[in-house]
Amino acid sequence: MLVYACISSHGFGHAARTTAVLTELVRMRPDCRIVLSTAVQPAFLKLAMGETPYELRPCRWDVGMIQADALAVDPEATLTALEELERALPAQVEAEARWLAAQSPRPLILADVPPSAATLSHHLQVPLIWLGSFGWEAIYGPLGEAFAPWAEQALEQYRQGDLLLRCPLSLPMPWELPSVDLGITCSTPRHDLAEVGRRLALPAERDRCVLISFGGLGMEIDPDGLRRWPEHVFVGVDPRLAEAANGRLLPPDLRFLDVMPLAGRMLTKPGYSTFCEAFQEGVGLHVVRRQGFAEAPALEKGLRAEGWHRLLEEEDFRRGDWQLDDPLIAPRAPRLRRDGSTQAAEILTRLLKR
């Protein structure tokens with residue numbers, strides 16, 4: 001059983017949910033061989049996969065959107081990167097197809113959600129399963145004429161798959177494929193919570209512990225913002241957190257997910273995997289709103305339905321007005337299953353038996 005996972009290198013969220021599904025798959029079927037094909041940083045993949053064995057093929061399969069910072073995108077840089085990748089893909093597809101053809105058994109390709117995975121699948125004549133909450137056609141489409149050919153090409157490639165495992169909080173995905181709606185797809189905490197609390201010197205009162213996470217690019221944190229909230233302890237990856245007495249740096253062997261059961265709230269941006277993890281662990285989300293990215297409104301809609309939350313404008317965040325003393329807004333109508341990773345793994349197990 002060989003699963004070759006083409007994972008988007010746009011941030012960490014795609015890798016987080018794909019690895020959650022794959023670790024669950026290996027738990028069910030220890031004989032399954034996992035290959036991760038992505039440009040996501042190896043250190044993140046190692047942390048996400050934990051003790052689950054895997055092989056890494058360092059390949060870039062998509063561009064996504066080039067970020068100007070944690071909240072803004074750079075359309076011009078994205079177009080340049082798309083053209084560069086288009087020139088590089090034929091040689092990469094040929095090399096990976098040649099490598100895969102020498103493996104046994106023949107692979108199943110799982111893609112989240114680089115459109116070019118369809119080219120590799122077609123070359124090898126092997127099944128292609130999409131795992132996603134949107135496709136890049138939905139992101140590129142609203143960005144104007146320059147992005148129209150890329151949106152059209154992506155949609156054509158998505159329609160070449162065999163099955164869509166549709167994650168929650170999703171945009172429309174008119175790919176004309178059989179599909180299965182999943183529940184929340186995320187991993188679970190792996191460390192002893194008492195030990196985590198001791199290592200980070202966290203308060204016993206969960207609501208006084210606040211996580212700060214803005215994805216791979218991060219968001220510059222002014223230590224004065226932390227000093228405005230002396231009754232709270234803040235955990236994040238920005239080195240400037242250490243300048244405040246109530247700041248803590250997340251150790252490199254821990255994920256935010258591993259600390260979530262000890263935290264009451266999290267300062268963050270709209271992000272699929274962060275939202276799913278917080279819903280699962282009961283963490284209230286203080287979300288800095290994001291403009292100019294088509295996925296953000298769908299995530300906000302899902303947040304209102306599923307999670308305890310407050311929405312912040314960017315200027316609120318910058319001036320330290322984080323609303324941590326205000327009550328969280330209750331979810332309107334939570335309905336999502338919490339076992340989406342298991343659902344997806346069970347489907348993959350059945351497909352691999354064919």
# chains A, B, ... in the order shown; residues from 1 in each chain; ligands from 1
call {"tool": "residues_around", "arguments": {"residues": "Leu164 of chain A", "least_positions_apart": "2", "cutoff": "10 Å", "atoms": "only C-alpha atoms", "output": "number ranges by chain"}}
result
A: 110-111, 128-133, 158-159, 161-162, 166-167, 173, 175-181
call {"tool": "residues_around", "arguments": {"residues": "Ile7 of chain A", "least_positions_apart": "5", "cutoff": "12 Å", "atoms": "only C-alpha atoms", "output": "VMD selection string"}}
result
chain A and resid 12 to 19 22 35 to 41 45 56 to 64 109 to 117 130 to 132
call {"tool": "write_last_selection", "arguments": {"atoms": "C-alpha atoms", "output": "compact mmCIF listing (two decimals), in the first residue's frame"}}
result
# COMPACT_ATOMS: atom_id res chain seq x y z
CA PHE A 12 1.17 24.95 6.86
CA GLY A 13 -2.59 24.31 6.91
CA HIS A 14 -2.70 21.90 3.96
CA ALA A 15 0.19 19.88 5.39
CA ALA A 16 -1.39 19.84 8.86
CA ARG A 17 -4.65 18.28 7.71
CA THR A 18 -3.05 15.90 5.22
CA THR A 19 -0.63 14.56 7.81
CA LEU A 22 -2.13 10.00 6.92
CA VAL A 35 5.53 9.46 0.72
CA LEU A 36 5.16 13.22 1.25
CA SER A 37 5.87 15.23 -1.89
CA THR A 38 5.99 18.91 -0.98
CA ALA A 39 8.11 22.01 -0.46
CA VAL A 40 6.84 22.48 3.10
CA GLN A 41 9.71 22.73 5.58
CA LEU A 45 6.51 17.71 8.53
CA LEU A 56 10.05 12.89 1.76
CA ARG A 57 10.26 13.90 -1.89
CA PRO A 58 11.05 17.67 -1.92
CA CYS A 59 8.83 18.90 -4.76
CA ARG A 60 6.87 22.09 -5.29
CA TRP A 61 3.55 21.31 -6.94
CA ASP A 62 1.74 24.63 -6.66
CA VAL A 63 2.18 28.30 -5.80
CA GLY A 64 -1.05 29.15 -4.07
CA ILE A 109 -2.04 9.86 -5.22
CA LEU A 110 -3.59 12.04 -2.50
CA ALA A 111 -3.48 15.76 -3.32
CA ASP A 112 -4.19 18.77 -1.07
CA VAL A 113 -4.72 20.58 -3.42
CA PRO A 114 -2.09 21.26 -6.13
CA PRO A 115 -3.85 21.10 -9.53
CA SER A 116 -0.68 19.72 -11.14
CA ALA A 117 -1.16 16.44 -9.26
CA TRP A 130 -8.39 15.25 -3.73
CA LEU A 131 -8.46 16.36 -0.08
CA GLY A 132 -9.47 19.99 0.31
call {"tool": "closest_residue", "arguments": {"among": "A:Pro252, A:Thr185, A:Glu306, A:Leu2", "to": "Arg106 of chain A", "atoms": "only C-alpha atoms"}}
result
A:Leu2
call {"tool": "closest_residue", "arguments": {"among": "A:Ala194, A:Ile347, A:Val235, A:Met65", "to": "Ser8 of chain A", "atoms": "only C-alpha atoms"}}
result
A:Met65
call {"tool": "select_by_dssp", "arguments": {"residues": "segment 113-311 of chain A", "states": "strand (DSSP E)", "output": "MDAnalysis selection string"}}
result
chainID A and resid 128:132 163:166 179:181 209:213 233:236 247:249 265:268 284:288 309:311
call {"tool": "closest_residue", "arguments": {"among": "A:Gly320, A:Gly183, A:Pro203, A:Pro90", "to": "Ile221 of chain A", "atoms": "only C-alpha atoms"}}
result
A:Gly320
call {"tool": "residues_around", "arguments": {"residues": "Ala91 of chain A", "least_positions_apart": "4", "cutoff": "12 Å", "atoms": "only C-alpha atoms", "output": "JSON, numbers by chain"}}
result
{"A": [59, 60, 61, 85, 86, 87, 95, 96, 97, 98, 119, 120]}
call {"tool": "select_by_dssp", "arguments": {"residues": "segment 10-193 of chain A", "states": "alpha helix (DSSP H)", "output": "ChimeraX atom specification"}}
result
/A:13-28,42-49,75-101,117-124,136-140,148-158,193
call {"tool": "write_last_selection", "arguments": {"atoms": "C-alpha atoms", "output": "short mmCIF file (atom, residue, chain, number, x, y, z; two decimals), in the first residue's frame"}}
result
data_model
loop_
_atom_site.label_atom_id
_atom_site.label_comp_id
_atom_site.auth_asym_id
_atom_site.auth_seq_id
_atom_site.Cartn_x
_atom_site.Cartn_y
_atom_site.Cartn_z
CA GLY A 13 -2.59 24.31 6.91
CA HIS A 14 -2.70 21.90 3.96
CA ALA A 15 0.19 19.88 5.39
CA ALA A 16 -1.39 19.84 8.86
CA ARG A 17 -4.65 18.28 7.71
CA THR A 18 -3.05 15.90 5.22
CA THR A 19 -0.63 14.56 7.81
CA ALA A 20 -3.51 14.18 10.28
CA VAL A 21 -5.28 11.94 7.78
CA LEU A 22 -2.13 10.00 6.92
CA THR A 23 -1.13 9.34 10.53
CA GLU A 24 -4.62 7.97 11.12
CA LEU A 25 -4.31 5.84 7.98
CA VAL A 26 -1.05 4.30 9.21
CA ARG A 27 -2.61 3.66 12.62
CA MET A 28 -5.28 1.59 10.83
CA PRO A 42 10.95 19.29 6.69
CA ALA A 43 10.95 20.35 10.36
CA PHE A 44 7.21 21.04 10.23
CA LEU A 45 6.51 17.71 8.53
CA LYS A 46 8.57 15.83 11.10
CA LEU A 47 6.66 17.46 13.95
CA ALA A 48 3.30 16.87 12.26
CA MET A 49 3.94 13.20 11.51
CA PRO A 75 -0.73 39.22 -6.76
CA GLU A 76 2.18 40.32 -8.97
CA ALA A 77 4.66 38.05 -7.22
CA THR A 78 2.11 35.22 -7.43
CA LEU A 79 1.79 35.58 -11.20
CA THR A 80 5.56 35.52 -11.59
CA ALA A 81 5.82 32.40 -9.42
CA LEU A 82 3.04 30.67 -11.38
CA GLU A 83 4.91 31.22 -14.65
CA GLU A 84 8.18 29.96 -13.14
CA LEU A 85 6.53 26.83 -11.79
CA GLU A 86 4.81 26.14 -15.12
CA ARG A 87 8.22 26.02 -16.78
CA ALA A 88 9.65 23.70 -14.12
CA LEU A 89 6.75 21.25 -13.83
CA PRO A 90 7.33 19.06 -16.93
CA ALA A 91 10.78 17.96 -15.73
CA GLN A 92 9.51 17.42 -12.19
CA VAL A 93 6.54 15.35 -13.37
CA GLU A 94 8.83 13.23 -15.53
CA ALA A 95 11.29 12.66 -12.67
CA GLU A 96 8.62 11.77 -10.11
CA ALA A 97 6.75 9.54 -12.54
CA ARG A 98 9.96 7.67 -13.29
CA TRP A 99 10.66 7.24 -9.56
CA LEU A 100 7.13 6.10 -8.80
CA ALA A 101 7.09 3.66 -11.70
CA ALA A 117 -1.16 16.44 -9.26
CA ALA A 118 -3.59 15.61 -12.07
CA THR A 119 -0.74 15.71 -14.58
CA LEU A 120 1.28 13.23 -12.53
CA SER A 121 -1.74 10.96 -12.03
CA HIS A 122 -2.54 11.00 -15.75
CA HIS A 123 1.08 10.24 -16.63
CA LEU A 124 1.07 7.16 -14.38
CA TRP A 136 -7.11 27.43 -6.45
CA GLU A 137 -9.63 28.29 -9.16
CA ALA A 138 -11.84 29.77 -6.42
CA ILE A 139 -8.94 31.92 -5.20
CA TYR A 140 -7.65 33.03 -8.60
CA ALA A 148 -8.30 33.93 -15.41
CA PRO A 149 -6.17 31.42 -17.40
CA TRP A 150 -4.74 30.01 -14.17
CA ALA A 151 -8.21 29.62 -12.70
CA GLU A 152 -9.47 27.86 -15.83
CA GLN A 153 -6.47 25.53 -15.95
CA ALA A 154 -6.84 24.63 -12.27
CA LEU A 155 -10.53 23.81 -12.65
CA GLU A 156 -9.83 21.60 -15.67
CA GLN A 157 -7.17 19.71 -13.71
CA TYR A 158 -9.36 19.27 -10.62
CA LEU A 193 -0.36 17.99 29.69
#
call {"tool": "residues_around", "arguments": {"residues": "Met260 of chain A", "least_positions_apart": "2", "cutoff": "12 Å", "atoms": "only C-alpha atoms", "output": "ChimeraX atom specification"}}
result
/A:187-191,193,196-197,202,206-207,209-213,235-236,250,254-258,262-266,274-285
call {"tool": "write_last_selection", "arguments": {"atoms": "C-alpha atoms", "output": "short mmCIF file (atom, residue, chain, number, x, y, z; two decimals), in the first residue's frame"}}
result
data_model
loop_
_atom_site.label_atom_id
_atom_site.label_comp_id
_atom_site.auth_asym_id
_atom_site.auth_seq_id
_atom_site.Cartn_x
_atom_site.Cartn_y
_atom_site.Cartn_z
CA SER A 187 -4.56 15.53 14.76
CA THR A 188 -4.70 15.20 18.56
CA PRO A 189 -2.34 16.39 21.34
CA ARG A 190 0.52 13.96 21.95
CA HIS A 191 2.25 15.14 25.14
CA LEU A 193 -0.36 17.99 29.69
CA VAL A 196 3.71 20.78 29.12
CA GLY A 197 2.26 23.10 31.75
CA LEU A 202 1.47 28.12 32.52
CA ARG A 206 -7.00 27.82 31.44
CA ASP A 207 -8.60 31.13 30.41
CA CYS A 209 -3.34 31.19 28.87
CA VAL A 210 -3.47 32.67 25.35
CA LEU A 211 -1.81 31.21 22.25
CA ILE A 212 -0.57 33.51 19.45
CA SER A 213 -0.29 31.91 16.02
CA VAL A 235 2.61 31.40 24.10
CA GLY A 236 3.89 31.77 20.55
CA LEU A 250 6.75 27.50 22.10
CA LEU A 254 5.69 21.06 20.58
CA ARG A 255 2.85 22.02 18.27
CA PHE A 256 0.27 24.64 19.19
CA LEU A 257 -2.16 21.72 19.25
CA ASP A 258 -0.17 20.14 22.07
CA LEU A 262 -4.19 24.18 28.55
CA ALA A 263 -5.23 27.41 26.77
CA GLY A 264 -8.55 29.23 26.84
CA ARG A 265 -8.04 31.54 23.88
CA MET A 266 -5.94 32.04 20.78
CA THR A 274 -6.10 26.26 13.23
CA PHE A 275 -9.89 26.58 13.34
CA CYS A 276 -10.41 22.81 13.29
CA GLU A 277 -7.90 22.23 16.07
CA ALA A 278 -9.47 24.97 18.21
CA PHE A 279 -13.00 23.64 17.64
CA GLN A 280 -11.85 20.17 18.66
CA GLU A 281 -10.01 21.33 21.80
CA GLY A 282 -12.52 23.97 22.90
CA VAL A 283 -10.26 27.01 22.48
CA GLY A 284 -11.85 30.42 21.94
CA LEU A 285 -10.56 32.17 18.81
#
call {"tool": "atom_distance", "arguments": {"atom1": "atom CA of Pro127 of chain A", "atom2": "atom CA of Leu108 of chain A"}}
result
5.4 Å
call {"tool": "atom_distance", "arguments": {"atom1": "atom CA of Trp322 of chain A", "atom2": "atom CA of Glu231 of chain A"}}
result
13.4 Å
call {"tool": "atom_distance", "arguments": {"atom1": "atom CA of Phe147 of chain A", "atom2": "atom CA of Gln125 of chain A"}}
result
29.3 Å
call {"tool": "closest_residue", "arguments": {"among": "A:Met1, A:Leu303, A:Ala345, A:Leu351", "to": "Cys186 of chain A", "atoms": "only C-alpha atoms"}}
result
A:Ala345
